[in-house]
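The next block holds one structure in the form of structure tokens; read it before the comments.
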Amino acid sequence: MAYSYKNSKGVTYYLHSSKTTLKSGKEQTLYFFAKEVKSEGALDAVPAGYAVSESKNGLPVLKKS
């Protein structure tokens, strides 16, 4: 089951990740929240070293702790 976060407005978001390759050749992991669970990239928990916070407009974001 994907990690879910309910914001202050009552909307539920689900945590996902995707890997991308930069121009330098390094691989980077991107974390994002979506309103629906997608078949690929759904995460079961917040990655180690990160915490969920909410922006001014209610969107959840991951911040390094």
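Chain labels run A, B, ... following the order of the structure tokens; each chain numbers its residues from 1, and ligands are numbered from 1 in the order shown.
Summary of the local environment: counting only C-alpha atoms, residues at most 6 Å from range 38-55 of chain A, other than itself and those fewer than 4 positions away along its chain, are Met1, Ala2, Tyr3, Leu15, His16, Ser17, Ser18, Leu59, Pro60, Val61, Leu62, Lys63, Lys64 and Ser65 of chain A.
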Requested write-out: C-alpha atoms of the selected residues, as a short mmCIF file (atom, residue, chain, number, x, y, z; two decimals), in the first residue's frame:
data_model
loop_
_atom_site.label_atom_id
_atom_site.label_comp_id
_atom_site.auth_asym_id
_atom_site.auth_seq_id
_atom_site.Cartn_x
_atom_site.Cartn_y
_atom_site.Cartn_z
CA MET A 1 0.00 0.00 0.00
CA ALA A 2 1.34 3.41 -0.95
CA TYR A 3 2.20 6.00 1.70
CA LEU A 15 4.02 9.32 -2.38
CA HIS A 16 5.86 8.18 -5.55
CA SER A 17 9.41 8.16 -6.84
CA SER A 18 11.10 7.97 -10.21
CA LEU A 59 0.54 20.60 -1.40
CA PRO A 60 2.67 18.04 0.46
CA VAL A 61 6.43 18.15 -0.11
CA LEU A 62 9.38 16.11 1.14
CA LYS A 63 12.11 17.97 2.99
CA LYS A 64 15.41 16.63 4.24
CA SER A 65 15.36 16.36 8.01
#
What lies within 7 Å of Tyr5 in chain A using only C-alpha atoms, ignoring chain neighbours under 4 positions off, as a PyMOL selection string? chain A and resi 12-14
For CA of Val11 in chain A and CA of Tyr31 in chain A, determine how far apart the two atoms are, in Å to one decimal place. 18.5 Å
Run DSSP on the backbone and grab whatever in chain A lands in strand (DSSP E or B); send it over as a PyMOL selection string. chain A and resi 4-6+12-21+27-34+42+50-54+60-64
